[in-house]
$ cat structure.txt   # compact mmCIF, C-alpha atoms
# COMPACT_ATOMS: atom_id res chain seq x y z
CA MET A 1 40.46 -62.22 36.26
CA ASN A 2 40.83 -60.45 39.58
CA SER A 3 37.60 -58.55 39.06
CA MET A 4 35.87 -61.89 38.36
CA ILE A 5 37.05 -63.21 41.73
CA MET A 6 36.02 -59.95 43.37
CA LYS A 7 32.53 -60.19 41.87
CA LYS A 8 32.19 -63.80 42.95
CA THR A 9 33.35 -62.92 46.47
CA ILE A 10 30.86 -60.07 46.67
CA ALA A 11 28.08 -62.34 45.43
CA LEU A 12 29.04 -64.99 47.99
CA LEU A 13 29.20 -62.40 50.77
CA SER A 14 25.76 -61.00 49.91
CA LEU A 15 24.38 -64.53 49.79
CA THR A 16 25.88 -65.25 53.23
CA PHE A 17 24.34 -62.02 54.48
CA LEU A 18 20.91 -63.02 53.16
CA VAL A 19 21.14 -66.49 54.69
CA VAL A 20 22.31 -65.06 58.03
CA SER A 21 19.54 -62.46 58.08
CA ALA A 22 16.99 -65.18 57.27
CA VAL A 23 18.25 -67.19 60.24
CA VAL A 24 18.11 -64.13 62.51
CA LEU A 25 14.56 -63.39 61.34
CA SER A 26 13.39 -66.90 61.99
CA SER A 27 14.39 -66.56 65.66
CA ALA A 28 11.42 -64.19 66.02
CA TYR A 29 8.70 -64.92 68.56
CA LYS A 30 5.98 -67.28 67.39
CA VAL A 31 2.50 -67.98 68.76
CA GLY A 32 2.94 -70.07 71.91
CA ASP A 33 6.34 -68.58 72.82
CA THR A 34 6.97 -67.09 76.25
CA ILE A 35 8.24 -63.54 75.99
CA THR A 36 10.86 -61.74 78.06
CA ASP A 37 9.68 -58.61 79.87
CA PHE A 38 11.21 -55.28 78.85
CA LYS A 39 11.62 -51.80 80.22
CA LEU A 40 11.04 -48.88 77.85
CA LYS A 41 10.54 -45.15 78.24
CA ASN A 42 6.97 -43.90 77.91
CA ILE A 43 6.04 -40.48 76.50
CA ASP A 44 5.68 -39.25 80.12
CA ASP A 45 9.42 -40.04 80.55
CA LYS A 46 8.67 -42.88 82.96
CA LEU A 47 9.92 -46.41 82.40
CA VAL A 48 7.26 -49.04 81.74
CA SER A 49 7.43 -52.84 82.03
CA LEU A 50 4.75 -55.47 81.50
CA SER A 51 5.14 -56.48 85.15
CA ASP A 52 3.86 -53.01 86.18
CA TYR A 53 0.35 -54.12 85.19
CA LYS A 54 -0.58 -56.22 88.20
CA GLU A 55 -4.28 -56.42 87.32
CA ALA A 56 -3.90 -57.23 83.63
CA LYS A 57 -4.76 -60.65 82.22
CA GLY A 58 -2.57 -59.94 79.25
CA TYR A 59 -1.45 -57.26 76.81
CA ILE A 60 -2.07 -55.98 73.32
CA ILE A 61 1.44 -55.08 72.22
CA VAL A 62 1.44 -52.95 69.05
CA PHE A 63 4.58 -51.96 67.19
CA THR A 64 3.55 -48.71 65.59
CA CYS A 65 4.91 -45.29 64.73
CA ASN A 66 4.00 -41.75 63.71
CA HIS A 67 4.93 -41.59 60.03
CA CYS A 68 3.54 -44.78 58.48
CA PRO A 69 0.20 -44.34 56.67
CA TYR A 70 -0.99 -47.78 57.81
CA ALA A 71 -0.09 -47.00 61.42
CA LYS A 72 -1.94 -43.69 61.07
CA ALA A 73 -4.95 -45.42 59.55
CA TYR A 74 -5.14 -47.67 62.60
CA GLU A 75 -4.57 -45.01 65.31
CA ASP A 76 -8.27 -44.58 66.10
CA ARG A 77 -8.81 -48.33 66.15
CA ILE A 78 -5.90 -48.76 68.59
CA ILE A 79 -7.49 -46.10 70.80
CA ASP A 80 -10.76 -48.07 70.64
CA LEU A 81 -8.97 -51.26 71.65
CA GLN A 82 -7.57 -49.56 74.75
CA ASN A 83 -10.95 -48.07 75.64
CA LYS A 84 -12.63 -51.42 75.21
CA TYR A 85 -10.11 -53.88 76.63
CA GLY A 86 -7.61 -51.66 78.49
CA LYS A 87 -8.55 -52.85 81.97
CA THR A 88 -7.76 -56.49 81.30
CA TYR A 89 -5.65 -56.33 78.13
CA PRO A 90 -3.96 -52.92 78.05
CA VAL A 91 -2.51 -51.63 74.79
CA ILE A 92 1.27 -51.30 74.91
CA ALA A 93 2.24 -49.25 71.87
CA ILE A 94 5.93 -49.34 70.95
CA ASN A 95 7.68 -47.20 68.35
CA PRO A 96 10.87 -48.96 67.19
CA ASN A 97 11.84 -46.73 64.26
CA ASP A 98 15.20 -45.05 63.87
CA ALA A 99 14.50 -41.34 64.34
CA VAL A 100 17.60 -40.45 62.31
CA LYS A 101 16.02 -42.00 59.21
CA TYR A 102 12.51 -40.83 60.14
CA PRO A 103 12.54 -37.63 62.22
CA ASP A 104 8.72 -37.93 62.39
CA ASP A 105 9.26 -40.90 64.67
CA SER A 106 11.46 -39.12 67.23
CA PHE A 107 10.62 -39.26 70.94
CA GLU A 108 9.57 -35.59 70.84
CA ASN A 109 7.23 -36.24 67.92
CA MET A 110 5.81 -39.29 69.69
CA LYS A 111 4.89 -37.02 72.60
CA LYS A 112 3.34 -34.54 70.19
CA ARG A 113 1.28 -37.16 68.35
CA ALA A 114 0.09 -38.78 71.59
CA LYS A 115 -1.07 -35.39 72.83
CA GLU A 116 -2.84 -34.52 69.55
CA LYS A 117 -4.67 -37.83 69.46
CA LYS A 118 -5.08 -38.06 73.26
CA PHE A 119 -3.67 -41.59 73.31
CA PRO A 120 -5.26 -43.41 76.27
CA PHE A 121 -2.46 -46.00 76.20
CA VAL A 122 1.27 -45.96 76.87
CA TYR A 123 3.42 -45.13 73.85
CA LEU A 124 6.90 -46.46 74.42
CA HIS A 125 10.14 -45.59 72.67
CA ASP A 126 12.26 -48.60 71.70
CA GLU A 127 15.27 -46.43 71.11
CA SER A 128 17.81 -49.27 70.94
CA GLN A 129 15.36 -51.30 68.80
CA SER A 130 16.18 -54.29 71.00
CA VAL A 131 12.54 -55.07 71.87
CA ALA A 132 11.45 -55.03 68.23
CA GLN A 133 14.41 -57.27 67.41
CA LEU A 134 13.57 -59.64 70.24
CA PHE A 135 9.98 -59.92 69.02
CA GLY A 136 11.04 -60.18 65.41
CA ALA A 137 8.68 -57.35 64.53
CA THR A 138 9.18 -56.32 60.91
CA LYS A 139 6.62 -53.62 60.28
CA THR A 140 4.19 -51.10 61.67
CA PRO A 141 1.52 -51.75 62.74
CA HIS A 142 2.37 -55.25 63.99
CA VAL A 143 0.26 -56.65 66.85
CA TYR A 144 1.18 -59.29 69.45
CA ILE A 145 -1.50 -60.42 71.91
CA VAL A 146 0.07 -61.82 75.04
CA GLN A 147 -1.64 -63.66 77.89
CA LYS A 148 -0.41 -64.03 81.45
CA GLU A 149 -0.11 -67.68 82.40
CA GLY A 150 1.16 -67.75 85.99
CA VAL A 151 4.49 -65.98 85.87
CA LYS A 152 4.80 -66.43 82.12
CA ASN A 153 3.65 -64.11 79.33
CA VAL A 154 2.65 -66.26 76.37
CA ILE A 155 2.00 -65.05 72.81
CA LYS A 156 -1.50 -65.95 71.61
CA TYR A 157 -1.87 -63.96 68.40
CA ILE A 158 0.41 -62.18 65.93
CA GLY A 159 -0.73 -60.01 63.05
CA ALA A 160 -3.18 -57.34 61.99
CA ILE A 161 -6.03 -55.63 63.86
CA ASP A 162 -8.66 -56.31 61.17
CA ASN A 163 -8.85 -56.93 57.43
CA ASN A 164 -9.36 -53.43 56.04
CA TYR A 165 -6.76 -50.76 56.82
CA GLN A 166 -8.41 -48.17 54.62
CA ASP A 167 -11.91 -48.28 56.04
CA ALA A 168 -12.67 -49.61 59.51
CA LYS A 169 -16.38 -49.80 58.67
CA ALA A 170 -15.70 -52.03 55.66
CA ALA A 171 -13.70 -54.55 57.70
CA THR A 172 -15.31 -57.97 57.89
CA GLU A 173 -12.84 -59.75 60.15
CA PHE A 174 -11.82 -58.40 63.53
CA TYR A 175 -8.78 -60.47 64.40
CA VAL A 176 -7.71 -58.72 67.61
CA ALA A 177 -11.22 -58.25 69.02
CA ASP A 178 -12.05 -61.90 68.25
CA ALA A 179 -8.82 -63.11 69.84
CA ILE A 180 -9.46 -61.12 73.03
CA ALA A 181 -13.06 -62.37 73.15
CA ALA A 182 -11.80 -65.95 72.84
CA LEU A 183 -9.21 -65.44 75.59
CA GLU A 184 -11.78 -63.80 77.87
CA GLY A 185 -14.15 -66.70 77.24
CA GLY A 186 -11.46 -69.29 77.84
CA LYS A 187 -11.79 -70.52 74.27
CA ASP A 188 -9.23 -71.30 71.60
CA ILE A 189 -8.43 -68.42 69.25
CA SER A 190 -9.56 -69.45 65.76
CA ILE A 191 -7.21 -67.19 63.77
CA LYS A 192 -3.87 -67.06 65.58
CA GLU A 193 -1.83 -65.44 62.88
CA THR A 194 -2.54 -62.99 60.08
CA LYS A 195 -0.47 -60.99 57.67
CA ALA A 196 -0.88 -57.43 56.49
CA ILE A 197 1.09 -54.95 54.44
CA GLY A 198 2.90 -52.49 56.66
CA CYS A 199 5.82 -50.07 56.68
CA SER A 200 9.09 -51.86 57.26
CA ILE A 201 10.70 -50.99 60.58
CA LYS A 202 13.56 -48.60 59.90
CA TRP A 203 16.59 -50.24 61.48
CA LYS A 204 19.64 -48.29 62.58
CA GLU A 205 22.68 -48.65 60.35
CA MET B 1 -15.68 -46.17 36.61
CA GLU B 2 -12.32 -45.37 35.15
CA TYR B 3 -13.74 -45.98 31.68
CA LEU B 4 -16.09 -43.03 32.11
CA SER B 5 -13.46 -40.48 33.08
CA PRO B 6 -14.13 -36.90 31.85
CA HIS B 7 -11.31 -37.40 29.37
CA ARG B 8 -12.99 -40.43 27.82
CA LEU B 9 -16.46 -38.83 27.79
CA HIS B 10 -14.91 -35.89 26.01
CA LEU B 11 -13.36 -38.27 23.52
CA ILE B 12 -16.64 -40.07 22.90
CA TYR B 13 -18.49 -36.77 22.46
CA PHE B 14 -16.06 -35.41 19.92
CA SER B 15 -15.84 -38.71 18.07
CA ALA B 16 -19.63 -38.75 17.71
CA LYS B 17 -19.71 -35.13 16.64
CA PHE B 18 -16.91 -35.72 14.18
CA LEU B 19 -18.66 -38.71 12.65
CA PHE B 20 -21.96 -36.92 12.47
CA GLU B 21 -20.55 -33.84 10.78
CA TYR B 22 -18.11 -35.37 8.38
CA LYS B 23 -19.63 -38.77 7.85
CA GLN B 24 -17.71 -41.48 6.14
CA GLU B 25 -15.38 -39.46 3.95
CA THR B 26 -13.35 -38.54 6.93
CA MET B 27 -13.55 -41.95 8.54
CA LYS B 28 -9.91 -42.60 7.73
CA THR B 29 -8.75 -39.43 9.47
CA PHE B 30 -10.90 -40.28 12.44
CA ILE B 31 -9.46 -43.77 12.80
CA CYS B 32 -5.91 -42.42 12.66
CA TRP B 33 -6.74 -39.79 15.22
CA ALA B 34 -8.47 -42.26 17.56
CA LEU B 35 -5.53 -44.64 17.34
CA LEU B 36 -3.08 -41.87 18.15
CA THR B 37 -5.09 -40.64 21.14
CA GLY B 38 -5.37 -44.21 22.34
CA LEU B 39 -1.63 -44.71 22.10
CA ILE B 40 -0.85 -41.50 23.93
CA SER B 41 -3.21 -42.24 26.80
CA PHE B 42 -1.90 -45.83 27.04
CA GLN B 43 1.58 -44.63 27.92
CA GLY B 44 0.49 -43.15 31.25
CA HIS B 45 -1.90 -46.01 31.87
CA VAL B 46 -1.80 -47.82 35.19
CA GLU B 47 -4.02 -50.84 35.38
CA VAL B 48 -5.88 -51.53 38.62
CA ILE B 49 -5.94 -55.28 39.10
CA LYS B 50 -7.26 -57.89 41.51
CA TRP B 51 -5.32 -60.78 43.04
CA PRO B 52 -6.33 -63.48 40.48
CA ALA B 53 -4.75 -61.43 37.68
CA LEU B 54 -1.47 -61.17 39.56
CA GLU B 55 -1.57 -64.84 40.49
CA GLU B 56 -2.09 -65.78 36.86
CA TYR B 57 0.90 -63.65 35.87
CA MET B 58 3.04 -65.23 38.61
CA ASN B 59 2.16 -68.74 37.42
CA LYS B 60 2.72 -68.05 33.74
CA LYS B 61 5.30 -70.37 32.19
CA ASP B 62 7.22 -68.59 29.48
CA ASP B 63 10.78 -67.73 28.55
CA LYS B 64 10.80 -64.55 30.66
CA ILE B 65 12.48 -64.06 34.02
CA LYS B 66 9.94 -62.11 36.06
CA VAL B 67 10.98 -59.48 38.57
CA ILE B 68 7.93 -58.47 40.60
CA ASN B 69 8.45 -55.59 43.01
CA PHE B 70 5.87 -54.61 45.65
CA TRP B 71 6.00 -50.91 46.44
CA ALA B 72 3.94 -47.84 47.32
CA THR B 73 4.37 -44.11 46.76
CA TRP B 74 4.45 -43.39 50.51
CA CYS B 75 7.19 -45.97 51.13
CA LYS B 76 10.55 -44.18 51.19
CA PRO B 77 12.85 -47.21 50.73
CA CYS B 78 10.58 -48.35 47.86
CA MET B 79 10.94 -45.01 46.11
CA GLU B 80 14.71 -45.17 46.64
CA GLU B 81 15.01 -48.51 44.87
CA LEU B 82 12.44 -47.86 42.13
CA PRO B 83 15.03 -46.31 39.75
CA TYR B 84 17.11 -49.52 39.97
CA PHE B 85 14.14 -51.61 38.87
CA GLU B 86 13.61 -49.14 36.04
CA GLN B 87 17.26 -49.53 35.01
CA ILE B 88 16.89 -53.31 35.03
CA HIS B 89 13.79 -52.92 32.87
CA ARG B 90 15.51 -50.66 30.35
CA GLU B 91 18.68 -52.71 30.10
CA TYR B 92 17.19 -56.18 30.01
CA LYS B 93 13.67 -55.85 28.62
CA ASP B 94 14.87 -57.21 25.29
CA LYS B 95 16.85 -59.95 27.01
CA ASN B 96 13.91 -61.90 28.42
CA ILE B 97 13.76 -60.12 31.76
CA GLU B 98 10.39 -58.62 32.63
CA VAL B 99 9.90 -56.10 35.43
CA LEU B 100 6.45 -55.63 36.98
CA LEU B 101 5.97 -52.93 39.63
CA VAL B 102 3.00 -53.76 41.84
CA SER B 103 1.81 -50.68 43.70
CA LEU B 104 0.05 -51.29 47.01
CA ASP B 105 -1.26 -47.76 47.16
CA HIS B 106 -4.99 -47.72 47.68
CA ALA B 107 -6.84 -47.91 44.34
CA SER B 108 -8.30 -44.46 45.03
CA MET B 109 -4.73 -43.11 44.91
CA THR B 110 -4.03 -44.24 41.32
CA ASP B 111 -3.55 -40.64 40.17
CA LYS B 112 -0.85 -40.18 42.80
CA VAL B 113 0.81 -43.35 41.48
CA LYS B 114 0.71 -42.00 37.92
CA ALA B 115 2.19 -38.66 38.99
CA SER B 116 4.96 -40.41 40.87
CA LEU B 117 5.80 -42.59 37.84
CA LYS B 118 5.96 -39.55 35.62
CA LYS B 119 8.19 -37.71 38.07
CA ASN B 120 10.55 -40.67 38.32
CA ASN B 121 10.47 -41.41 34.59
CA ILE B 122 9.28 -44.96 35.09
CA THR B 123 8.53 -46.83 31.88
CA ALA B 124 8.38 -50.36 33.32
CA LYS B 125 4.92 -51.90 33.61
CA VAL B 126 3.00 -50.79 36.69
CA VAL B 127 -0.21 -52.15 38.18
CA VAL B 128 -2.11 -51.14 41.30
CA LEU B 129 -3.19 -54.20 43.29
CA ASP B 130 -6.63 -53.40 44.64
CA GLU B 131 -6.83 -55.96 47.46
CA VAL B 132 -6.97 -54.53 50.98
CA ASP B 133 -7.74 -57.88 52.60
CA PHE B 134 -4.01 -58.55 52.78
CA ASN B 135 -4.21 -61.77 54.78
CA LYS B 136 -5.94 -63.43 51.85
CA TRP B 137 -3.00 -63.17 49.45
CA ILE B 138 0.31 -62.33 51.18
CA ASN B 139 1.10 -66.00 51.89
CA LEU B 140 0.29 -66.84 48.27
CA VAL B 141 3.07 -64.52 47.09
CA ASP B 142 5.47 -66.13 49.55
CA THR B 143 4.93 -67.77 52.93
CA THR B 144 8.03 -66.07 54.35
CA TRP B 145 6.69 -62.58 53.61
CA SER B 146 5.73 -60.86 56.86
CA GLY B 147 4.04 -58.05 54.94
CA SER B 148 6.55 -55.20 54.99
CA ILE B 149 7.54 -53.40 51.82
CA PRO B 150 9.66 -53.10 49.77
CA ALA B 151 9.48 -56.76 48.80
CA THR B 152 10.55 -58.47 45.59
CA LEU B 153 9.72 -61.80 43.99
CA ILE B 154 12.03 -63.13 41.27
CA ILE B 155 10.69 -65.98 39.14
CA SER B 156 12.96 -67.86 36.76
CA ASN B 157 11.98 -68.53 33.16
CA ASN B 158 9.45 -71.37 32.79
CA ASN B 159 8.64 -70.87 36.46
CA THR B 160 11.18 -73.42 37.65
CA SER B 161 12.28 -71.49 40.73
CA LYS B 162 11.19 -68.55 42.87
CA MET B 163 13.17 -66.25 45.16
CA PHE B 164 11.55 -63.85 47.57
CA TYR B 165 13.16 -60.94 49.40
CA GLU B 166 11.65 -58.61 52.00
CA ARG B 167 14.28 -55.91 51.70
CA GLN B 168 15.60 -52.95 49.73
CA PHE B 169 17.92 -53.47 46.75
CA THR B 170 20.57 -51.67 44.76
CA LYS B 171 20.92 -52.25 41.02
CA GLN B 172 24.07 -54.34 41.50
CA GLN B 173 22.36 -56.55 44.09
CA LEU B 174 19.46 -57.10 41.71
CA GLU B 175 21.77 -58.02 38.85
CA GLU B 176 23.65 -60.47 41.07
CA LEU B 177 20.38 -62.27 41.76
CA ILE B 178 18.76 -62.04 38.35
CA LEU B 179 21.56 -62.52 35.83
CA PRO B 180 22.66 -66.00 37.01
CA LEU B 181 19.11 -67.17 36.21
CA LYS B 182 19.56 -66.36 32.54
CA PRO B 183 19.64 -69.56 30.49
$ encode --input "structure.txt" --output "structure tokens"
Amino acid sequence: MNSMIMKKTIALLSLTFLVVSAVVLSSAYKVGDTITDFKLKNIDDKLVSLSDYKEAKGYIIVFTCNHCPYAKAYEDRIIDLQNKYGKTYPVIAINPNDAVKYPDDSFENMKKRAKEKKFPFVYLHDESQSVAQLFGATKTPHVYIVQKEGVKNVIKYIGAIDNNYQDAKAATEFYVADAIAALEGGKDISIKETKAIGCSIKWKE
Amino acid sequence: MEYLSPHRLHLIYFSAKFLFEYKQETMKTFICWALLTGLISFQGHVEVIKWPALEEYMNKKDDKIKVINFWATWCKPCMEELPYFEQIHREYKDKNIEVLLVSLDHASMTDKVKASLKKNNITAKVVVLDEVDFNKWINLVDTTWSGSIPATLIISNNNTSKMFYERQFTKQQLEELILPLKP
């Protein structure tokens, strides 16, 4: 009898946990939300905030990491984005993964990878995972395009870079490039949100 | 292309040779042999499917509770929970619970998927979903899915209710969700 009650209690507790986590997840940033600035350590050991970019019109914030095959597949395309749009919409790459679970994603390995690939963008370490939590990022790569509107930073697009992770040349939809083009042209972004398979962010226990 | 693998060409060649040399007297032996070979190769078979096939499976109304797990060989938490899905499959396959493991490895990596299944002794049904244009189908699995894996969809018998989870499971957690659905 006691074990029955125990089982029911456990089931109820897990259910509560699932409901609570669903509520927490739904508090994630959505398109149209104003984001809070952050301060994270870059691979050059300097702290970086969005407000440091006085000339920028906005930002391409990418949650990414070293180990994930999808993140790796998009590395060159993220480099291209910075080279193309960096002056007005700089790429802000953020690695939120727990380095205990994934040593590949440690700060030292971030420095190594950035050097190997000659990243032209900042690659920030979200060691406390608070920025990823604030954004409601769930996976890598996970892109947020943000536009400056006066003193506010407003989210304009959330999702993938394009529609073919495996082969950039085979992609037929270029979500991020199209969104930036629309913003630059003062037009409405036609696809504001997309979904893609990615590696789940490894949260600290 | 898969149908013209060296193994199959080999099979066709020897079947033809066999038929030619021994003609109909040995037809019976040949049929037995072909059936056996077919059965053996079927065991390690991983079907590469497109979205409509998965959608059709998801919408099927029958007496089975369907447990559909999205995974990939490179995904560590997926590989950690895979044995629990296998245990569910083994324990409940005769009790109207059907496990389907949907690999999101690229279709060109199907051999890696097969090797990984062999290594982990997976006997549950596995398919590789060959659809890289993710945005076209993720919302059709579940609108709450952000796209990270592991992810699991549990469909009750006769398709009366669906539950979707973007998280990693233990066997006990799976049982707590699945068993109450049993009629």
$ closest_atom_pairs --input "structure.txt" --of "segment 29-123 of chain A" --to "segment 132-148 of chain A" --cutoff "9 Å" --atoms "only C-alpha atoms" --output "tab-separated table"
residue	atom	partner	partner_atom	distance
A:Tyr29	CA	A:Phe135	CA	5.2
A:Lys30	CA	A:Phe135	CA	8.5
A:Val31	CA	A:Tyr144	CA	8.8
A:Thr34	CA	A:Val146	CA	8.8
A:Ile35	CA	A:Phe135	CA	8.0
A:Thr36	CA	A:Leu134	CA	8.5
A:Ala56	CA	A:Lys148	CA	7.9
A:Lys57	CA	A:Lys148	CA	5.6
A:Gly58	CA	A:Gln147	CA	4.1
A:Tyr59	CA	A:Val146	CA	5.1
A:Ile60	CA	A:Ile145	CA	4.7
A:Ile61	CA	A:Tyr144	CA	5.0
A:Val62	CA	A:Val143	CA	4.5
A:Phe63	CA	A:His142	CA	5.1
A:Thr64	CA	A:Pro141	CA	4.6
A:Cys65	CA	A:Thr140	CA	6.6
A:Cys68	CA	A:Thr140	CA	7.1
A:Tyr70	CA	A:Pro141	CA	6.8
A:Ala71	CA	A:Pro141	CA	5.2
A:Lys72	CA	A:Pro141	CA	8.9
A:Tyr74	CA	A:Pro141	CA	7.8
A:Tyr89	CA	A:Gln147	CA	8.4
A:Ile94	CA	A:Ala132	CA	8.4
A:Asn95	CA	A:Thr140	CA	8.5
A:Pro96	CA	A:Ala132	CA	6.2
$ interface_residues --input "structure.txt" --of "chain B" --to "chain A" --cutoff "8 Å" --atoms "all atoms listed in the file" --output "VMD selection string"
chain B and resid 74 to 75 106 132 to 135 138 to 139 146 to 150 176
$ closest_residue --input "structure.txt" --among "A:Asp52, A:Val122, A:Asn66, A:Gln129" --to "Met110 of chain A" --atoms "all atoms listed in the file"
A:Asn66
$ atom_distance --input "structure.txt" --atom1 "atom CA of Val126 of chain B" --atom2 "atom CA of Glu47 of chain B"
7.1 Å
$ closest_residue --input "structure.txt" --among "B:Ser161, B:Asp62, B:Ala72, B:Lys119" --to "Ile97 of chain B" --atoms "all atoms listed in the file"
B:Asp62
$ atom_distance --input "structure.txt" --atom1 "atom CA of Ser130 of chain A" --atom2 "atom CA of Val151 of chain A"
22.2 Å
$ atom_distance --input "structure.txt" --atom1 "atom CA of Glu55 of chain A" --atom2 "atom CA of Lys118 of chain A"
23.1 Å
$ closest_residue --input "structure.txt" --among "B:Thr123, B:Ile68, B:Tyr165, B:Lys118" --to "Leu100 of chain B" --atoms "all atoms listed in the file"
B:Ile68
$ residues_around --input "structure.txt" --residues "Asp80 of chain A" --least-positions-apart "5" --cutoff "10 Å" --atoms "only C-alpha atoms" --output "number ranges by chain"
A: 74-75, 85-86, 91, 119-120
$ residues_around --input "structure.txt" --residues "Asn42 of chain A" --least-positions-apart "3" --cutoff "7 Å" --atoms "only C-alpha atoms" --output "list in words"
Asp45, Lys46, Leu47, Val48, Val122, Tyr123, Leu124 and His125 of chain A
$ build_atoms --input "structure.txt" --residues "segment 142-162 of chain A" --atoms "N, CA and C atoms" --output "PDB file, in the frame of the given file"
ATOM      1  N   HIS A 142       2.141 -53.813  63.852  1.00  0.00           N
ATOM      2  CA  HIS A 142       2.370 -55.250  63.990  1.00  0.00           C
ATOM      3  C   HIS A 142       1.946 -55.603  65.413  1.00  0.00           C
ATOM      4  N   VAL A 143       0.883 -56.397  65.548  1.00  0.00           N
ATOM      5  CA  VAL A 143       0.260 -56.650  66.850  1.00  0.00           C
ATOM      6  C   VAL A 143       0.652 -58.013  67.423  1.00  0.00           C
ATOM      7  N   TYR A 144       0.934 -58.036  68.726  1.00  0.00           N
ATOM      8  CA  TYR A 144       1.180 -59.290  69.450  1.00  0.00           C
ATOM      9  C   TYR A 144       0.239 -59.307  70.644  1.00  0.00           C
ATOM     10  N   ILE A 145      -0.654 -60.284  70.719  1.00  0.00           N
ATOM     11  CA  ILE A 145      -1.500 -60.420  71.910  1.00  0.00           C
ATOM     12  C   ILE A 145      -0.840 -61.444  72.821  1.00  0.00           C
ATOM     13  N   VAL A 146      -0.654 -61.010  74.070  1.00  0.00           N
ATOM     14  CA  VAL A 146       0.070 -61.820  75.040  1.00  0.00           C
ATOM     15  C   VAL A 146      -0.862 -62.111  76.215  1.00  0.00           C
ATOM     16  N   GLN A 147      -0.836 -63.344  76.718  1.00  0.00           N
ATOM     17  CA  GLN A 147      -1.640 -63.660  77.890  1.00  0.00           C
ATOM     18  C   GLN A 147      -0.752 -64.086  79.049  1.00  0.00           C
ATOM     19  N   LYS A 148      -1.136 -63.614  80.249  1.00  0.00           N
ATOM     20  CA  LYS A 148      -0.410 -64.030  81.450  1.00  0.00           C
ATOM     21  C   LYS A 148      -0.820 -65.457  81.793  1.00  0.00           C
ATOM     22  N   GLU A 149       0.162 -66.311  81.946  1.00  0.00           N
ATOM     23  CA  GLU A 149      -0.110 -67.680  82.400  1.00  0.00           C
ATOM     24  C   GLU A 149       0.814 -67.931  83.577  1.00  0.00           C
ATOM     25  N   GLY A 150       0.307 -67.680  84.801  1.00  0.00           N
ATOM     26  CA  GLY A 150       1.160 -67.750  85.990  1.00  0.00           C
ATOM     27  C   GLY A 150       2.185 -66.638  85.918  1.00  0.00           C
ATOM     28  N   VAL A 151       3.458 -67.013  85.948  1.00  0.00           N
ATOM     29  CA  VAL A 151       4.490 -65.980  85.870  1.00  0.00           C
ATOM     30  C   VAL A 151       4.916 -65.729  84.419  1.00  0.00           C
ATOM     31  N   LYS A 152       4.377 -66.549  83.521  1.00  0.00           N
ATOM     32  CA  LYS A 152       4.800 -66.430  82.120  1.00  0.00           C
ATOM     33  C   LYS A 152       3.867 -65.529  81.314  1.00  0.00           C
ATOM     34  N   ASN A 153       4.437 -64.872  80.309  1.00  0.00           N
ATOM     35  CA  ASN A 153       3.650 -64.110  79.330  1.00  0.00           C
ATOM     36  C   ASN A 153       3.751 -64.834  77.997  1.00  0.00           C
ATOM     37  N   VAL A 154       2.620 -65.390  77.558  1.00  0.00           N
ATOM     38  CA  VAL A 154       2.650 -66.260  76.370  1.00  0.00           C
ATOM     39  C   VAL A 154       1.947 -65.590  75.189  1.00  0.00           C
ATOM     40  N   ILE A 155       2.579 -65.651  74.018  1.00  0.00           N
ATOM     41  CA  ILE A 155       2.000 -65.050  72.810  1.00  0.00           C
ATOM     42  C   ILE A 155       0.848 -65.911  72.290  1.00  0.00           C
ATOM     43  N   LYS A 156      -0.293 -65.241  72.055  1.00  0.00           N
ATOM     44  CA  LYS A 156      -1.500 -65.950  71.610  1.00  0.00           C
ATOM     45  C   LYS A 156      -1.902 -65.580  70.187  1.00  0.00           C
ATOM     46  N   TYR A 157      -1.469 -64.409  69.746  1.00  0.00           N
ATOM     47  CA  TYR A 157      -1.870 -63.960  68.400  1.00  0.00           C
ATOM     48  C   TYR A 157      -0.794 -63.011  67.860  1.00  0.00           C
ATOM     49  N   ILE A 158      -0.512 -63.119  66.586  1.00  0.00           N
ATOM     50  CA  ILE A 158       0.410 -62.180  65.930  1.00  0.00           C
ATOM     51  C   ILE A 158      -0.217 -61.746  64.595  1.00  0.00           C
ATOM     52  N   GLY A 159      -0.261 -60.445  64.364  1.00  0.00           N
ATOM     53  CA  GLY A 159      -0.730 -60.010  63.050  1.00  0.00           C
ATOM     54  C   GLY A 159      -1.381 -58.653  63.008  1.00  0.00           C
ATOM     55  N   ALA A 160      -2.488 -58.597  62.243  1.00  0.00           N
ATOM     56  CA  ALA A 160      -3.180 -57.340  61.990  1.00  0.00           C
ATOM     57  C   ALA A 160      -4.342 -57.142  62.958  1.00  0.00           C
ATOM     58  N   ILE A 161      -4.887 -55.941  62.989  1.00  0.00           N
ATOM     59  CA  ILE A 161      -6.030 -55.630  63.860  1.00  0.00           C
ATOM     60  C   ILE A 161      -7.331 -56.130  63.210  1.00  0.00           C
ATOM     61  N   ASP A 162      -7.486 -55.817  61.917  1.00  0.00           N
ATOM     62  CA  ASP A 162      -8.660 -56.310  61.170  1.00  0.00           C
ATOM     63  C   ASP A 162      -8.268 -56.440  59.713  1.00  0.00           C
TER      64      ASP A 162
END
